[in-house]
Structure formats: C-alpha cells, structure tokens
>>> print(open('query-v7.pdb').read())   # PDB, C-alpha atoms and all ligand atoms
ATOM      1  CA  MET A  61     -32.181 -52.995 -44.878
ATOM      2  CA  HIS A  62     -33.564 -49.624 -45.715
ATOM      3  CA  GLU A  63     -34.101 -47.762 -48.900
ATOM      4  CA  SER A  64     -32.590 -44.321 -48.797
ATOM      5  CA  VAL A  65     -34.836 -41.367 -49.450
ATOM      6  CA  CYS A  66     -32.774 -38.974 -51.464
ATOM      7  CA  ARG A  67     -32.826 -35.372 -50.416
ATOM      8  CA  PRO A  68     -34.821 -33.130 -52.716
ATOM      9  CA  LEU A  69     -32.569 -31.991 -55.502
ATOM     10  CA  ALA A  70     -34.175 -28.638 -56.086
ATOM     11  CA  ASP A  71     -33.237 -27.014 -52.801
ATOM     12  CA  THR A  72     -30.310 -25.145 -54.219
ATOM     13  CA  GLY A  73     -31.404 -24.592 -57.749
ATOM     14  CA  PRO A  74     -34.147 -24.807 -60.328
ATOM     15  CA  VAL A  75     -36.199 -27.946 -60.841
ATOM     16  CA  PRO A  76     -34.278 -30.158 -63.275
ATOM     17  CA  THR A  77     -36.041 -30.239 -66.601
ATOM     18  CA  ALA A  78     -35.780 -32.352 -69.684
ATOM     19  CA  GLY A  79     -33.236 -31.216 -72.230
ATOM     20  CA  PRO A  80     -34.228 -28.937 -75.089
ATOM     21  CA  THR A  81     -34.580 -31.880 -77.449
ATOM     22  CA  ALA A  82     -37.112 -33.741 -75.283
ATOM     23  CA  ASP A  83     -40.750 -33.382 -76.269
ATOM     24  CA  PRO A  84     -42.800 -31.656 -73.596
ATOM     25  CA  PRO A  85     -45.595 -33.876 -72.258
ATOM     26  CA  ARG A  86     -48.945 -33.411 -73.907
ATOM     27  CA  GLN A  87     -51.166 -31.046 -71.921
ATOM     28  CA  GLY A  88     -54.294 -33.088 -71.431
ATOM     29  CA  THR A  89     -57.919 -32.407 -70.657
ATOM     30  CA  VAL A  90     -60.324 -34.090 -68.270
ATOM     31  CA  ALA A  91     -61.725 -35.996 -71.254
ATOM     32  CA  ASP A  92     -58.238 -37.275 -72.120
ATOM     33  CA  LEU A  93     -57.743 -38.452 -68.554
ATOM     34  CA  ALA A  94     -61.122 -40.208 -68.476
ATOM     35  CA  ASP A  95     -60.403 -41.892 -71.827
ATOM     36  CA  LEU A  96     -57.039 -43.115 -70.632
ATOM     37  CA  LEU A  97     -58.393 -44.557 -67.383
ATOM     38  CA  ALA A  98     -61.197 -46.249 -69.310
ATOM     39  CA  ALA A  99     -58.582 -47.876 -71.537
ATOM     40  CA  TYR A 100     -56.364 -48.953 -68.616
ATOM     41  CA  PRO A 101     -58.620 -50.204 -65.789
ATOM     42  CA  GLY A 102     -56.813 -50.843 -62.529
ATOM     43  CA  THR A 103     -54.407 -47.923 -63.014
ATOM     44  CA  LEU A 104     -52.034 -47.506 -60.068
ATOM     45  CA  VAL A 105     -52.178 -44.207 -58.141
ATOM     46  CA  LEU A 106     -49.173 -42.404 -56.690
ATOM     47  CA  SER A 107     -50.471 -39.506 -54.583
ATOM     48  CA  GLY A 108     -48.701 -36.626 -52.869
ATOM     49  CA  ALA A 109     -49.259 -33.544 -50.748
ATOM     50  CA  GLY A 110     -51.113 -31.670 -53.492
ATOM     51  CA  LEU A 111     -54.053 -34.023 -53.029
ATOM     52  CA  SER A 112     -54.469 -33.027 -49.372
ATOM     53  CA  THR A 113     -54.061 -29.253 -49.619
ATOM     54  CA  GLU A 114     -57.821 -28.919 -50.227
ATOM     55  CA  SER A 115     -58.279 -30.587 -46.823
ATOM     56  CA  GLY A 116     -56.310 -27.769 -45.200
ATOM     57  CA  ILE A 117     -53.006 -29.629 -44.903
ATOM     58  CA  PRO A 118     -50.329 -27.512 -46.534
ATOM     59  CA  ASP A 119     -47.707 -28.729 -48.949
ATOM     60  CA  TYR A 120     -44.012 -28.284 -48.275
ATOM     61  CA  ARG A 121     -43.816 -26.638 -51.639
ATOM     62  CA  GLY A 122     -45.867 -24.084 -53.475
ATOM     63  CA  PRO A 123     -47.116 -24.579 -57.046
ATOM     64  CA  ASP A 124     -43.756 -23.239 -58.224
ATOM     65  CA  GLY A 125     -42.015 -26.245 -56.661
ATOM     66  CA  LYS A 126     -40.086 -24.064 -54.243
ATOM     67  CA  ARG A 127     -39.907 -25.134 -50.633
ATOM     68  CA  ARG A 128     -42.043 -22.989 -48.331
ATOM     69  CA  VAL A 129     -41.612 -24.844 -45.065
ATOM     70  CA  GLN A 130     -38.496 -26.338 -43.537
ATOM     71  CA  PRO A 131     -39.384 -29.972 -42.807
ATOM     72  CA  MET A 132     -38.122 -31.997 -39.868
ATOM     73  CA  GLU A 133     -34.837 -33.727 -40.698
ATOM     74  CA  HIS A 134     -34.440 -37.368 -39.731
ATOM     75  CA  GLY A 135     -30.858 -36.997 -38.459
ATOM     76  CA  GLU A 136     -31.715 -34.003 -36.311
ATOM     77  CA  PHE A 137     -34.755 -35.734 -34.820
ATOM     78  CA  VAL A 138     -33.045 -38.996 -33.867
ATOM     79  CA  GLY A 139     -29.830 -37.299 -32.744
ATOM     80  CA  SER A 140     -31.153 -34.616 -30.447
ATOM     81  CA  SER A 141     -33.439 -34.698 -27.407
ATOM     82  CA  ALA A 142     -33.893 -30.945 -27.845
ATOM     83  CA  ALA A 143     -35.089 -31.433 -31.437
ATOM     84  CA  ARG A 144     -37.596 -34.046 -30.243
ATOM     85  CA  GLN A 145     -38.786 -31.761 -27.468
ATOM     86  CA  ARG A 146     -39.357 -28.994 -30.028
ATOM     87  CA  TYR A 147     -41.119 -31.336 -32.438
ATOM     88  CA  TRP A 148     -43.425 -32.790 -29.784
ATOM     89  CA  ALA A 149     -44.286 -29.412 -28.260
ATOM     90  CA  ARG A 150     -45.344 -28.188 -31.695
ATOM     91  CA  SER A 151     -47.071 -31.434 -32.569
ATOM     92  CA  PHE A 152     -48.966 -31.442 -29.266
ATOM     93  CA  ILE A 153     -50.486 -28.078 -30.156
ATOM     94  CA  GLY A 154     -51.047 -28.860 -33.850
ATOM     95  CA  TRP A 155     -52.454 -32.361 -33.470
ATOM     96  CA  GLY A 156     -56.085 -31.497 -32.838
ATOM     97  CA  ARG A 157     -56.335 -29.498 -35.995
ATOM     98  CA  PHE A 158     -54.396 -32.039 -38.064
ATOM     99  CA  ALA A 159     -56.446 -34.961 -36.757
ATOM    100  CA  ALA A 160     -59.632 -33.057 -37.575
ATOM    101  CA  ALA A 161     -58.734 -32.792 -41.306
ATOM    102  CA  ARG A 162     -61.260 -34.589 -43.492
ATOM    103  CA  PRO A 163     -60.995 -36.094 -46.981
ATOM    104  CA  ASN A 164     -61.758 -33.673 -49.806
ATOM    105  CA  ALA A 165     -63.445 -34.102 -53.183
ATOM    106  CA  GLY A 166     -60.219 -35.463 -54.675
ATOM    107  CA  HIS A 167     -59.939 -38.271 -52.102
ATOM    108  CA  ARG A 168     -63.613 -39.126 -52.528
ATOM    109  CA  ALA A 169     -63.285 -39.245 -56.323
ATOM    110  CA  VAL A 170     -60.267 -41.557 -56.064
ATOM    111  CA  THR A 171     -62.319 -43.866 -53.833
ATOM    112  CA  ALA A 172     -65.221 -43.851 -56.300
ATOM    113  CA  LEU A 173     -62.885 -44.536 -59.235
ATOM    114  CA  GLN A 174     -61.239 -47.359 -57.325
ATOM    115  CA  ALA A 175     -64.615 -48.893 -56.445
ATOM    116  CA  SER A 176     -65.604 -48.735 -60.126
ATOM    117  CA  GLY A 177     -62.429 -50.556 -61.162
ATOM    118  CA  ALA A 178     -60.917 -47.635 -63.069
ATOM    119  CA  LEU A 179     -58.199 -47.303 -60.433
ATOM    120  CA  GLY A 180     -56.347 -50.105 -58.674
ATOM    121  CA  GLY A 181     -54.017 -49.796 -55.700
ATOM    122  CA  ILE A 182     -52.760 -46.568 -54.182
ATOM    123  CA  ILE A 183     -49.255 -45.616 -53.112
ATOM    124  CA  THR A 184     -49.394 -42.393 -51.115
ATOM    125  CA  GLN A 185     -46.587 -40.149 -49.965
ATOM    126  CA  ASN A 186     -49.016 -38.490 -47.552
ATOM    127  CA  VAL A 187     -48.977 -39.286 -43.843
ATOM    128  CA  ASP A 188     -52.488 -38.028 -43.079
ATOM    129  CA  GLY A 189     -54.536 -41.203 -43.618
ATOM    130  CA  LEU A 190     -57.112 -39.303 -45.684
ATOM    131  CA  HIS A 191     -57.330 -41.905 -48.486
ATOM    132  CA  GLN A 192     -58.329 -44.508 -45.884
ATOM    133  CA  LEU A 193     -60.754 -42.093 -44.203
ATOM    134  CA  ALA A 194     -62.383 -41.594 -47.606
ATOM    135  CA  GLY A 195     -62.904 -45.359 -47.841
ATOM    136  CA  ALA A 196     -60.118 -46.229 -50.273
ATOM    137  CA  ARG A 197     -58.608 -49.707 -50.093
ATOM    138  CA  ARG A 198     -55.213 -51.193 -50.918
ATOM    139  CA  VAL A 199     -53.393 -48.046 -49.754
ATOM    140  CA  ILE A 200     -49.664 -48.240 -49.055
ATOM    141  CA  ASP A 201     -48.494 -45.374 -46.825
ATOM    142  CA  LEU A 202     -45.064 -45.008 -48.440
ATOM    143  CA  HIS A 203     -43.842 -42.479 -45.887
ATOM    144  CA  GLY A 204     -45.749 -43.944 -42.930
ATOM    145  CA  THR A 205     -48.525 -42.388 -40.904
ATOM    146  CA  LEU A 206     -48.741 -39.743 -38.201
ATOM    147  CA  ALA A 207     -51.417 -41.826 -36.472
ATOM    148  CA  ARG A 208     -48.702 -44.092 -35.025
ATOM    149  CA  VAL A 209     -45.600 -43.382 -32.989
ATOM    150  CA  LEU A 210     -42.570 -45.667 -32.906
ATOM    151  CA  CYS A 211     -40.166 -46.113 -29.989
ATOM    152  CA  LEU A 212     -36.720 -46.135 -31.600
ATOM    153  CA  THR A 213     -35.278 -47.862 -28.527
ATOM    154  CA  CYS A 214     -37.565 -50.874 -28.073
ATOM    155  CA  GLY A 215     -39.683 -50.872 -31.245
ATOM    156  CA  THR A 216     -43.044 -50.461 -29.522
ATOM    157  CA  LEU A 217     -45.768 -48.868 -31.644
ATOM    158  CA  ILE A 218     -47.882 -46.314 -29.791
ATOM    159  CA  GLY A 219     -51.158 -44.741 -30.932
ATOM    160  CA  ARG A 220     -50.729 -41.014 -31.537
ATOM    161  CA  ASP A 221     -54.035 -40.266 -29.805
ATOM    162  CA  TYR A 222     -52.828 -42.127 -26.708
ATOM    163  CA  LEU A 223     -49.596 -40.139 -26.716
ATOM    164  CA  GLN A 224     -51.639 -36.928 -26.951
ATOM    165  CA  VAL A 225     -53.396 -37.855 -23.701
ATOM    166  CA  THR A 226     -50.118 -38.614 -21.919
ATOM    167  CA  MET A 227     -48.607 -35.331 -23.157
ATOM    168  CA  ALA A 228     -51.648 -33.412 -21.926
ATOM    169  CA  ARG A 229     -51.265 -35.056 -18.513
ATOM    170  CA  ALA A 230     -47.548 -34.221 -18.341
ATOM    171  CA  ASN A 231     -48.074 -30.635 -19.508
ATOM    172  CA  PRO A 232     -51.089 -29.199 -17.687
ATOM    173  CA  GLY A 233     -51.973 -25.744 -18.969
ATOM    174  CA  PHE A 234     -49.465 -25.879 -21.826
ATOM    175  CA  ALA A 235     -52.043 -25.798 -24.597
ATOM    176  CA  ALA A 236     -53.763 -22.740 -23.142
ATOM    177  CA  LEU A 237     -50.396 -21.067 -22.679
ATOM    178  CA  ALA A 238     -49.302 -21.795 -26.250
ATOM    179  CA  THR A 239     -52.538 -20.784 -27.893
ATOM    180  CA  GLY A 240     -52.819 -17.773 -25.591
ATOM    181  CA  ALA A 241     -49.334 -16.691 -26.590
ATOM    182  CA  ALA A 242     -50.318 -17.189 -30.195
ATOM    183  CA  ALA A 243     -53.275 -14.880 -29.768
ATOM    184  CA  ASP A 244     -50.730 -12.122 -29.136
ATOM    185  CA  GLY A 245     -49.570 -12.368 -32.708
ATOM    186  CA  SER A 246     -48.388 -15.663 -34.096
ATOM    187  CA  GLN A 247     -51.801 -17.203 -34.884
ATOM    188  CA  VAL A 248     -51.114 -20.855 -34.139
ATOM    189  CA  SER A 249     -54.213 -22.149 -35.838
ATOM    190  CA  SER A 250     -53.238 -20.823 -39.249
ATOM    191  CA  GLN A 251     -49.716 -22.159 -39.100
ATOM    192  CA  ILE A 252     -50.214 -25.910 -39.126
ATOM    193  CA  ARG A 253     -47.377 -27.582 -41.014
ATOM    194  CA  PRO A 254     -47.301 -30.704 -43.201
ATOM    195  CA  ASP A 255     -45.880 -32.788 -40.334
ATOM    196  CA  GLY A 256     -48.923 -31.913 -38.236
ATOM    197  CA  ASP A 257     -47.127 -29.487 -35.984
ATOM    198  CA  VAL A 258     -47.323 -25.729 -35.624
ATOM    199  CA  VAL A 259     -44.848 -22.975 -34.923
ATOM    200  CA  ILE A 260     -44.775 -21.913 -31.274
ATOM    201  CA  ASP A 261     -42.546 -19.715 -29.173
ATOM    202  CA  GLU A 262     -39.111 -21.214 -28.408
ATOM    203  CA  GLY A 263     -39.359 -20.107 -24.792
ATOM    204  CA  LEU A 264     -42.482 -22.207 -24.424
ATOM    205  CA  VAL A 265     -40.841 -25.176 -26.131
ATOM    206  CA  ALA A 266     -38.189 -25.287 -23.399
ATOM    207  CA  ARG A 267     -40.924 -25.799 -20.788
ATOM    208  CA  PHE A 268     -42.530 -28.729 -22.615
ATOM    209  CA  VAL A 269     -42.176 -32.187 -21.061
ATOM    210  CA  ALA A 270     -41.504 -34.469 -24.046
ATOM    211  CA  PRO A 271     -43.255 -37.863 -24.191
ATOM    212  CA  LEU A 272     -41.632 -41.130 -23.159
ATOM    213  CA  CYS A 273     -42.163 -44.670 -24.408
ATOM    214  CA  PRO A 274     -44.780 -46.279 -22.129
ATOM    215  CA  ARG A 275     -42.893 -49.586 -22.270
ATOM    216  CA  CYS A 276     -39.204 -48.737 -21.855
ATOM    217  CA  GLY A 277     -39.236 -45.083 -20.772
ATOM    218  CA  SER A 278     -37.001 -43.895 -23.631
ATOM    219  CA  ASP A 279     -37.537 -40.373 -24.947
ATOM    220  CA  ALA A 280     -36.587 -41.564 -28.445
ATOM    221  CA  VAL A 281     -40.182 -41.746 -29.651
ATOM    222  CA  LYS A 282     -40.783 -40.708 -33.239
ATOM    223  CA  PRO A 283     -43.915 -40.411 -35.341
ATOM    224  CA  ASP A 284     -43.964 -43.481 -37.604
ATOM    225  CA  VAL A 285     -43.220 -41.403 -40.670
ATOM    226  CA  VAL A 286     -40.215 -40.987 -42.921
ATOM    227  CA  PHE A 287     -38.742 -37.573 -42.260
ATOM    228  CA  PHE A 288     -36.558 -35.915 -44.865
ATOM    229  CA  GLY A 289     -33.245 -37.709 -44.999
ATOM    230  CA  GLY A 290     -34.785 -40.817 -43.437
ATOM    231  CA  SER A 291     -35.452 -44.122 -45.142
ATOM    232  CA  VAL A 292     -38.456 -46.136 -46.235
ATOM    233  CA  PRO A 293     -38.425 -49.719 -44.875
ATOM    234  CA  ARG A 294     -37.178 -52.068 -47.602
ATOM    235  CA  GLU A 295     -40.207 -54.375 -47.346
ATOM    236  CA  ARG A 296     -42.539 -51.437 -48.037
ATOM    237  CA  VAL A 297     -40.478 -50.329 -51.031
ATOM    238  CA  GLU A 298     -40.624 -53.855 -52.438
ATOM    239  CA  ARG A 299     -44.421 -53.991 -52.162
ATOM    240  CA  CYS A 300     -44.588 -50.732 -54.117
ATOM    241  CA  ILE A 301     -42.174 -52.052 -56.746
ATOM    242  CA  ALA A 302     -44.355 -55.158 -57.152
ATOM    243  CA  ARG A 303     -47.462 -53.019 -57.602
ATOM    244  CA  THR A 304     -45.746 -50.851 -60.190
ATOM    245  CA  ASP A 305     -44.591 -54.003 -61.986
ATOM    246  CA  ALA A 306     -48.185 -55.236 -62.223
ATOM    247  CA  ALA A 307     -49.815 -51.892 -63.078
ATOM    248  CA  PRO A 308     -51.364 -51.227 -66.502
ATOM    249  CA  ALA A 309     -50.711 -47.476 -66.125
ATOM    250  CA  LEU A 310     -49.576 -44.986 -63.471
ATOM    251  CA  LEU A 311     -51.515 -41.901 -62.357
ATOM    252  CA  VAL A 312     -49.586 -39.341 -60.298
ATOM    253  CA  LEU A 313     -51.836 -37.047 -58.233
ATOM    254  CA  GLY A 314     -50.566 -33.938 -56.488
ATOM    255  CA  SER A 315     -46.874 -34.732 -56.326
ATOM    256  CA  SER A 316     -44.024 -32.672 -57.715
ATOM    257  CA  LEU A 317     -41.909 -35.878 -57.501
ATOM    258  CA  GLN A 318     -39.105 -33.995 -55.804
ATOM    259  CA  VAL A 319     -38.054 -36.934 -53.639
ATOM    260  CA  MET A 320     -36.581 -40.075 -55.110
ATOM    261  CA  SER A 321     -38.801 -42.306 -52.979
ATOM    262  CA  GLY A 322     -41.738 -41.334 -55.232
ATOM    263  CA  LEU A 323     -39.926 -40.537 -58.482
ATOM    264  CA  ARG A 324     -38.425 -44.033 -58.593
ATOM    265  CA  PHE A 325     -41.855 -45.559 -59.309
ATOM    266  CA  VAL A 326     -42.404 -43.149 -62.186
ATOM    267  CA  ARG A 327     -39.031 -44.180 -63.573
ATOM    268  CA  GLN A 328     -39.933 -47.834 -63.081
ATOM    269  CA  ALA A 329     -43.234 -47.318 -64.917
ATOM    270  CA  ASN A 330     -41.365 -45.563 -67.710
ATOM    271  CA  ALA A 331     -38.874 -48.428 -67.978
ATOM    272  CA  ARG A 332     -41.821 -50.817 -68.360
ATOM    273  CA  GLY A 333     -43.300 -48.635 -71.084
ATOM    274  CA  ILE A 334     -46.705 -48.192 -69.424
ATOM    275  CA  PRO A 335     -48.602 -44.898 -69.740
ATOM    276  CA  ILE A 336     -47.832 -42.271 -67.093
ATOM    277  CA  VAL A 337     -50.279 -39.456 -66.379
ATOM    278  CA  ILE A 338     -49.465 -36.601 -64.013
ATOM    279  CA  VAL A 339     -52.160 -34.357 -62.518
ATOM    280  CA  THR A 340     -50.359 -31.820 -60.348
ATOM    281  CA  ARG A 341     -50.160 -28.060 -59.938
ATOM    282  CA  GLY A 342     -46.852 -26.796 -61.274
ATOM    283  CA  PRO A 343     -43.841 -28.585 -62.782
ATOM    284  CA  THR A 344     -42.751 -32.051 -61.669
ATOM    285  CA  ARG A 345     -39.562 -34.014 -62.078
ATOM    286  CA  GLY A 346     -41.503 -36.663 -63.980
ATOM    287  CA  ASP A 347     -42.896 -34.384 -66.672
ATOM    288  CA  SER A 348     -40.518 -35.596 -69.376
ATOM    289  CA  LEU A 349     -41.704 -39.180 -68.754
ATOM    290  CA  ALA A 350     -45.443 -38.452 -68.816
ATOM    291  CA  MET A 351     -47.632 -39.233 -71.785
ATOM    292  CA  LEU A 352     -50.291 -36.892 -70.445
ATOM    293  CA  ARG A 353     -49.976 -33.909 -68.135
ATOM    294  CA  LEU A 354     -52.733 -31.903 -66.428
ATOM    295  CA  ASP A 355     -51.884 -28.763 -64.468
ATOM    296  CA  ALA A 356     -55.324 -28.519 -62.888
ATOM    297  CA  PRO A 357     -57.053 -28.424 -59.498
ATOM    298  CA  LEU A 358     -57.300 -31.990 -58.206
ATOM    299  CA  GLY A 359     -60.704 -31.963 -56.510
ATOM    300  CA  ALA A 360     -62.620 -30.574 -59.477
ATOM    301  CA  THR A 361     -60.679 -32.591 -62.057
ATOM    302  CA  LEU A 362     -61.047 -35.950 -60.316
ATOM    303  CA  THR A 363     -64.691 -35.323 -59.464
ATOM    304  CA  GLU A 364     -65.424 -34.768 -63.169
ATOM    305  CA  VAL A 365     -63.484 -37.899 -64.173
ATOM    306  CA  ALA A 366     -65.423 -39.897 -61.581
ATOM    307  CA  ARG A 367     -68.682 -38.473 -62.884
ATOM    308  CA  ARG A 368     -67.781 -39.798 -66.339
ATOM    309  CA  LEU A 369     -66.375 -43.184 -65.321
ATOM    310  CA  ALA A 370     -68.087 -44.081 -62.062
ATOM    311  CA  PRO A 371     -71.578 -42.600 -62.344
ATOM    312  CA  ALA A 372     -73.169 -45.440 -60.386
ATOM    313  CA  ARG A 373     -70.847 -44.667 -57.503
ATOM    314  CA  SER A 374     -70.887 -40.941 -57.970
ATOM    315  CA  VAL A 375     -68.861 -39.001 -55.511
ATOM    316  CA  ARG A 376     -70.893 -38.330 -52.422
ATOM    317  CA  PRO A 377     -71.092 -34.723 -51.336
ATOM    318  CA  GLU A 378     -69.234 -33.874 -48.197
ATOM    319  CA  PRO A 379     -71.399 -34.623 -45.188
ATOM    320  CA  SER A 380     -72.396 -31.484 -43.402
ATOM    321  CA  VAL A 381     -70.931 -31.061 -39.959
ATOM    322  CA  GLU A 382     -73.173 -28.175 -39.004
TER     323      GLU A 382
HETATM  324 ZN    ZN B 401     -39.566 -48.132 -25.885
END
>>> encode(input="query-v7.pdb", output="structure tokens")
Amino acid sequence: MHESVCRPLADTGPVPTAGPTADPPRQGTVADLADLLAAYPGTLVLSGAGLSTESGIPDYRGPDGKRRVQPMEHGEFVGSSAARQRYWARSFIGWGRFAAARPNAGHRAVTALQASGALGGIITQNVDGLHQLAGARRVIDLHGTLARVLCLTCGTLIGRDYLQVTMARANPGFAALATGAAADGSQVSSQIRPDGDVVIDEGLVARFVAPLCPRCGSDAVKPDVVFFGGSVPRERVERCIARTDAAPALLVLGSSLQVMSGLRFVRQANARGIPIVIVTRGPTRGDSLAMLRLDAPLGATLTEVARRLAPARSVRPEPSVE
C-alpha cells in the first residue's frame, strides 16, 4: 500500500490562497517564534527545500512559488531505460558536488533546539541527509534519501557511493568529457539540481553506460527517493501521522507546502487545533492555517531563536575547511 503524492497544484496557475474572508496569518517576529517554542516544548518540525538552499542545494521553486526546475517524474523514470540513462549520467556528474554539501546555520540551529528540548522529532521533505549530518535525531526522511539506491526488480538496497564507483568503472573518461564539454559553455558546476544531478549534453548522455543492480543485473535501479508523481511508503506516512498526532505544535521550515505529502500534516495539525508556525520565504499553501508566519531567512532566524532558547548548546560555528 502506498500513499499517493499529489502533483503540485500550482503548475498551471497561481498558488491557491485563502478566500477574502479568511484572516491572513499573523506576521511574526523572531521573539514571537521563540516565545511560542518556549510554550510548546517538543514542537514537531516539518522541513523542506528552503532549509537547504543555504547549503547550495537549490529549490525546485523560487521564493515566488513558481517552479524553476523540471523535476524527474516517477512514471518516466520507471517506464523508460532512456530516462534512467539520462538521470544517471547527470547524477554521476553531479554527485560529487551534491555529496559535498554541508549543513548550514539553519540545520545546526534545529539540532541545538532539538537537543535543548524546544523541538521534538523532524519530518523532512529533503533527500540530502543534512539534518542527520548536523547531528539531529529522530529524523524521518519523508521523501527518502539520495544516499541509497533501490533495485525496483529485486528490492536490493545499494549505497549511492558504491554505485558511483561502479559507474566510474563502466564509464572511463566520461566525467572529464562531461566537465570538459561544460567548460565550453554550460558550466556544469553551477547547474546542480535538487535531485543531485546536473544538466549535461544529450549527445554525451547517449554514450553513458547506466548502472545495473549488483545482485540481479536489472537496469531498473532508482535512487531511494520519491520522485514527483511517485508515492511515499504507507508505513512511513503512518509514522509521520503518529508524530503529528502526538505533537504539541508544528513548525514548518522552508517549505511552500506545494505537495500534498507535506501539506497533509499541516492539515492534520490544524484539525487537532495545535499551533502551526510557518517560517518560509514566499507564500505557502498552509498560510491560512498558520497562527504565526515568518517570511524570513532561515539560517539567521533559527540561529537567533536558538541563541534565545538553547544558549547552553549554542549553535557551533561552521568548522573551517581551509
Ligand atoms: Zn536487483
């Protein structure tokens, strides 16, 4: 049994908004947010792509909520060897940069606030593993993780790093060719996409030897993430429902709530009558349900909240890599 992920509703029109009679959510301050978290310890977090943009991983949508990047479609990926070849060629080139992304101030503040008890569990729509890298606990990867690859034929789970090695072996010289071609104009390194891949020349894609399952040899290997139009495993959805049922309040971080898989928990929280706070750039589909709304940069905002609520575990500065 799978839970369907509804397609974003805003692709062909404006973001749905509350009717003219609905009160707009109160525009809050950092102090309001800190006060609310102090009053509702163990608040559940629902995080989205906006939390990871400061780590260099782009969002599918800009602050205006409009789609900027065409994401991989589930049906296309599972139904077409050519689509998988294109995905894996791009992912092979983009992986190094994606895997090198590090948690930002927002992730570190969430970890500090969780350690202090202000925040409880985390449901994330992100597939980058940055909450866990920042030391957060009780994280549910709602849409899966790019760190694992699933064989759709036999069910074997494969480490993404391992697959990278096998792809490098099967495609000697491909990386140099792709990045060399990019140097002629397309600038691969600046075009990493939210799925961890990059745009490369279609002629090069055709020469890429796509990876096979090391157990059964099938080419139907898919990153263990929920692509658009795909579905979240029912068991995972139910764990998230249980967390929302037990939460004293819900804090949405960096999500425009365009997909039902995330919005449903906001609706569930609203049905329970618990406070909902949304800290996200731009409008969200949950705005009419929020008691408090902050349209503010996540790293700076969360760092200040952590400074107020978790001073003993103040957010550590980013370790220097130089
Ligand atoms: Zn297999």
>>> atom_distance(input="query-v7.pdb", atom1="atom CA of Leu210 of chain A", atom2="atom CA of Arg267 of chain A")
23.3 Å
>>> closest_residue(input="query-v7.pdb", among="A:Pro308, A:Gly240, A:Pro371, A:Gly102", to="Arg198 of chain A", atoms="only C-alpha atoms")
A:Gly102
>>> closest_residue(input="query-v7.pdb", among="A:Ala91, A:Ile153, A:Leu96, A:Ala194", to="Ala165 of chain A", atoms="only C-alpha atoms")
A:Ala194
>>> closest_residue(input="query-v7.pdb", among="A:Gly359, A:Gly177, A:Gly333, A:Gly195", to="Tyr100 of chain A", atoms="all atoms listed in the file")
A:Gly177
>>> closest_residue(input="query-v7.pdb", among="A:Ala266, A:Ala207, A:Cys276, A:Val285", to="ligand ZN 401 (chain B)", atoms="only C-alpha atoms and all ligand atoms")
A:Cys276
>>> residues_near_ligand(input="query-v7.pdb", ligand="ligand ZN 401 (chain B)", cutoff="10 Å", atoms="all atoms listed in the file", output="PDB file with C-alpha atoms, keeping the file's coordinate frame")
ATOM      1  CA  LEU A 210     -42.570 -45.667 -32.906  1.00  0.00           C
ATOM      2  CA  CYS A 211     -40.166 -46.113 -29.989  1.00  0.00           C
ATOM      3  CA  LEU A 212     -36.720 -46.135 -31.600  1.00  0.00           C
ATOM      4  CA  THR A 213     -35.278 -47.862 -28.527  1.00  0.00           C
ATOM      5  CA  CYS A 214     -37.565 -50.874 -28.073  1.00  0.00           C
ATOM      6  CA  GLY A 215     -39.683 -50.872 -31.245  1.00  0.00           C
ATOM      7  CA  THR A 216     -43.044 -50.461 -29.522  1.00  0.00           C
ATOM      8  CA  LEU A 217     -45.768 -48.868 -31.644  1.00  0.00           C
ATOM      9  CA  ILE A 218     -47.882 -46.314 -29.791  1.00  0.00           C
ATOM     10  CA  LEU A 272     -41.632 -41.130 -23.159  1.00  0.00           C
ATOM     11  CA  CYS A 273     -42.163 -44.670 -24.408  1.00  0.00           C
ATOM     12  CA  PRO A 274     -44.780 -46.279 -22.129  1.00  0.00           C
ATOM     13  CA  ARG A 275     -42.893 -49.586 -22.270  1.00  0.00           C
ATOM     14  CA  CYS A 276     -39.204 -48.737 -21.855  1.00  0.00           C
ATOM     15  CA  GLY A 277     -39.236 -45.083 -20.772  1.00  0.00           C
ATOM     16  CA  SER A 278     -37.001 -43.895 -23.631  1.00  0.00           C
ATOM     17  CA  ASP A 279     -37.537 -40.373 -24.947  1.00  0.00           C
ATOM     18  CA  ALA A 280     -36.587 -41.564 -28.445  1.00  0.00           C
ATOM     19  CA  VAL A 281     -40.182 -41.746 -29.651  1.00  0.00           C
TER      20      VAL A 281
END
>>> residues_around(input="query-v7.pdb", residues="Asp92 of chain A", least_positions_apart="4", cutoff="10 Å", atoms="only C-alpha atoms", output="list in words")
Gln87, Gly88, Leu96, Leu97, Ala98, Leu352, Arg353, Leu354 and Val365 of chain A
>>> axis_aligned_box(input="query-v7.pdb", around="segment 215-230 of chain A", padding_each_side="3 Å", output="lines of an AutoDock Vina configuration file")
center_x = -46.9
center_y = -42.1
center_z = -25.0
size_x = 20.4
size_y = 23.5
size_z = 19.3
